[in-house]
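A short write-up of the structure that comes next.
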Amino acid sequence: MNDFLPITKIPRTGLPQRALVVGDPERASAVAGLLTDSVLIGQNREYRSFTGTWRGVPVVVSSHGVGGPGALCQLGELAEAGVRTFLRFGTAGALRADIADGDLVIAEAAVRDDGVTAQLIHPEYPAVATPEAVLALDRAAAAHQRHAHRGVVWTRAAFSPMVLELPMRDYLAARVIAIEMELSTLLVFAGLRGLVAGGVLVIDGNATVDNDDPTSYDPHRQVVADAVAAGSAVALDALVELT
Ligand SMILES: O=P(O)(O)O[C@H]1O[C@H](CO)[C@@H](O)[C@H]1O
Ligand SMILES: O=c1cc[nH]c(=O)[nH]1
């Protein structure tokens, strides 16, 4: 048998039990650059994975690309290789005027509009973060003096609407605070497997505005880059607190 798993090309066994998962492979490299003794352990497609230590604790940092189905492939292989605790460190659009660019959103749960978890379990099953992960992220954000908001996140498979309208009004009325594309997949996956999971997201725009004018979405701004750099330490600090 091959020593590497087929989709991510990470080693089949022996990975640290904690992983930070991110969308962008370049973000995986940047976060790995913060670790001690970081080693690239797999690179295939959108999946770039490292091991290293943070505050003396072994961790994995791994990218899953954009979208739930691809993320699910990565999560399954990380779990097969030994990961038990997952935090997603991503970006998201704000759904409230008082949530600013560069702020952090700590997810308590996610709306399962992800296009993939309905193929795993009934839609009534919740996508909920492990309470200890929420609290660890809250403490880490406070320790780093980062502005953080807690609430429900909308995970949506399609980045932009086409013929059908986004049900934006309903989720705004339901007080959902941010939108992104992979978190509910992680939370459902972890729930079904009995694993620990949570997520923290850097706000890179206001999705209620960007939805009216898609050309206004610009995640490549200094305020976002600075928050991603600061948020990396928040996410890693929380990750190593969890068991
Ligand atoms: O910054 P990441 O982690 O990729 O997260 C967000 O950014 C991508 C869309 O631009 C989607 O993957 C979305 O979930
Ligand atoms: O899915 C996403 C990710 C970042 N920002 C958004 O507006 N949407």
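In the structure tokens, chains take letters A, B, ... by order of appearance, with residues numbered from 1 within each chain and ligands from 1 in the order shown.
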Counting only C-alpha atoms and all ligand atoms, what are the residues of chain A within 9 Å of ligand 2, and for each of them which pair of atoms is the nearest and at what distance in Å, to one decimal? Sort the table by chain and rising number, as JSON lines.
{"residue": "A:Val66", "atom": "CA", "partner": "ligand 2", "partner_atom_place_in_ligand_line": "1 (O)", "distance": 8.6}
{"residue": "A:Gly67", "atom": "CA", "partner": "ligand 2", "partner_atom_place_in_ligand_line": "1 (O)", "distance": 8.8}
{"residue": "A:Gly90", "atom": "CA", "partner": "ligand 2", "partner_atom_place_in_ligand_line": "3 (C)", "distance": 7.8}
{"residue": "A:Thr91", "atom": "CA", "partner": "ligand 2", "partner_atom_place_in_ligand_line": "4 (C)", "distance": 4.8}
{"residue": "A:Ala92", "atom": "CA", "partner": "ligand 2", "partner_atom_place_in_ligand_line": "4 (C)", "distance": 3.5}
{"residue": "A:Gly93", "atom": "CA", "partner": "ligand 2", "partner_atom_place_in_ligand_line": "7 (O)", "distance": 3.4}
{"residue": "A:Ala94", "atom": "CA", "partner": "ligand 2", "partner_atom_place_in_ligand_line": "7 (O)", "distance": 6.9}
{"residue": "A:Leu95", "atom": "CA", "partner": "ligand 2", "partner_atom_place_in_ligand_line": "7 (O)", "distance": 8.9}
{"residue": "A:Thr155", "atom": "CA", "partner": "ligand 2", "partner_atom_place_in_ligand_line": "1 (O)", "distance": 7.7}
{"residue": "A:Arg156", "atom": "CA", "partner": "ligand 2", "partner_atom_place_in_ligand_line": "1 (O)", "distance": 7.2}
{"residue": "A:Ala157", "atom": "CA", "partner": "ligand 2", "partner_atom_place_in_ligand_line": "1 (O)", "distance": 8.5}
{"residue": "A:Ala158", "atom": "CA", "partner": "ligand 2", "partner_atom_place_in_ligand_line": "1 (O)", "distance": 8.3}
{"residue": "A:Phe159", "atom": "CA", "partner": "ligand 2", "partner_atom_place_in_ligand_line": "1 (O)", "distance": 5.7}
{"residue": "A:Ser160", "atom": "CA", "partner": "ligand 2", "partner_atom_place_in_ligand_line": "8 (N)", "distance": 8.6}
{"residue": "A:Ala178", "atom": "CA", "partner": "ligand 2", "partner_atom_place_in_ligand_line": "7 (O)", "distance": 8.0}
{"residue": "A:Ile179", "atom": "CA", "partner": "ligand 2", "partner_atom_place_in_ligand_line": "8 (N)", "distance": 5.5}
{"residue": "A:Glu180", "atom": "CA", "partner": "ligand 2", "partner_atom_place_in_ligand_line": "1 (O)", "distance": 3.4}
{"residue": "A:Met181", "atom": "CA", "partner": "ligand 2", "partner_atom_place_in_ligand_line": "1 (O)", "distance": 5.0}
{"residue": "A:Glu182", "atom": "CA", "partner": "ligand 2", "partner_atom_place_in_ligand_line": "1 (O)", "distance": 8.4}
{"residue": "A:Leu201", "atom": "CA", "partner": "ligand 2", "partner_atom_place_in_ligand_line": "4 (C)", "distance": 8.7}
{"residue": "A:Val202", "atom": "CA", "partner": "ligand 2", "partner_atom_place_in_ligand_line": "4 (C)", "distance": 8.3}
{"residue": "A:Ile203", "atom": "CA", "partner": "ligand 2", "partner_atom_place_in_ligand_line": "5 (N)", "distance": 6.9}
{"residue": "A:Asp204", "atom": "CA", "partner": "ligand 2", "partner_atom_place_in_ligand_line": "5 (N)", "distance": 5.5}
{"residue": "A:Gly205", "atom": "CA", "partner": "ligand 2", "partner_atom_place_in_ligand_line": "7 (O)", "distance": 6.0}
{"residue": "A:Asn206", "atom": "CA", "partner": "ligand 2", "partner_atom_place_in_ligand_line": "7 (O)", "distance": 6.4}
{"residue": "A:Ala207", "atom": "CA", "partner": "ligand 2", "partner_atom_place_in_ligand_line": "7 (O)", "distance": 4.6}
{"residue": "A:Thr208", "atom": "CA", "partner": "ligand 2", "partner_atom_place_in_ligand_line": "7 (O)", "distance": 8.4}
{"residue": "A:Asp210", "atom": "CA", "partner": "ligand 2", "partner_atom_place_in_ligand_line": "7 (O)", "distance": 6.9}
{"residue": "A:Asn211", "atom": "CA", "partner": "ligand 2", "partner_atom_place_in_ligand_line": "7 (O)", "distance": 8.2}
{"residue": "A:Tyr217", "atom": "CA", "partner": "ligand 2", "partner_atom_place_in_ligand_line": "7 (O)", "distance": 6.9}
{"residue": "A:Asp218", "atom": "CA", "partner": "ligand 2", "partner_atom_place_in_ligand_line": "5 (N)", "distance": 8.7}
{"residue": "A:Pro219", "atom": "CA", "partner": "ligand 2", "partner_atom_place_in_ligand_line": "5 (N)", "distance": 7.3}
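If you count only C-alpha atoms and ignore residues fewer than 6 places along the chain from Val176 (chain A), what sits within 10 Å of it is A:Ala94, A:Leu95, A:Arg96, A:Ala109, A:Ala110, A:Val111, A:Gly151, A:Val152, A:Val153, A:Trp154, A:Met168, A:Asp170.
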Mind checking which residues fall within 10 Å of region 42-49 of chain A, counting only C-alpha atoms, ignoring those fewer than 4 positions away in the same chain, and posting them as a PyMOL selection string?
chain A and resi 4-11+19-29+32+60-66+70-71+73-74+78
Report as an MDAnalysis selection string all protein, DNA and RNA residues lying within 7 Å of Ala81 (chain A), evaluated on only C-alpha atoms, omitting residues in the same chain fewer than 5 positions from it.
chainID A and resid 11:15
Save the residues we just selected, C-alpha atoms, as a PDB file, in the first residue's frame?
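Final output, part_16.pdb:
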ATOM      1  CA  PRO A  11       1.252  10.441   5.315  1.00  0.00           C
ATOM      2  CA  ARG A  12      -1.313   7.732   6.119  1.00  0.00           C
ATOM      3  CA  THR A  13      -0.607   7.694   9.854  1.00  0.00           C
ATOM      4  CA  GLY A  14       1.132   9.464  12.682  1.00  0.00           C
ATOM      5  CA  LEU A  15      -0.061  13.063  12.314  1.00  0.00           C
TER       6      LEU A  15
END
Apply DSSP to the structure's backbone, then extract all residues of region 11-226 of chain A labelled strand (DSSP E or B) and return them as a PyMOL selection string.
chain A and resi 11+18-22+36-44+47-54+57-63+85-94+104-113+127-128+148-156+178-180+196-206
Between A:Val83, A:Gly102, A:Leu183, A:Leu172, which has the minimum distance to His220 (chain A) (counting only C-alpha atoms)?
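Closest to His220 (chain A), using only C-alpha atoms: A:Gly102.
Closest approach to ligand 1 among A:Leu192, A:Ala230, A:Leu87, A:Leu135: A:Leu87, based on only C-alpha atoms and all ligand atoms.
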DSSP says helix (DSSP H, G or I) for which residues of region 92-184 of chain A? Put them as a list in words?
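For region 92-184 of chain A, the helix (DSSP H, G or I) set is Thr117, Ala118, Gln119, Pro131, Glu132, Ala133, Val134, Leu135, Ala136, Leu137, Asp138, Arg139, Ala140, Ala141, Ala142, Ala143, Met168, Arg169, Asp170, Tyr171, Leu172, Ala173, Leu183 and Ser184 of chain A.
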Using CA of Val163 (chain A) and CA of Ile121 (chain A) as the two end points, give the distance in Å to one decimal.
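These atoms are spaced 27.6 Å apart.
If only C-alpha atoms and all ligand atoms are the atoms counted, then among A:Leu186, A:Leu40, A:Ala148, A:Val209 the closest residue to ligand 1 is A:Leu186.
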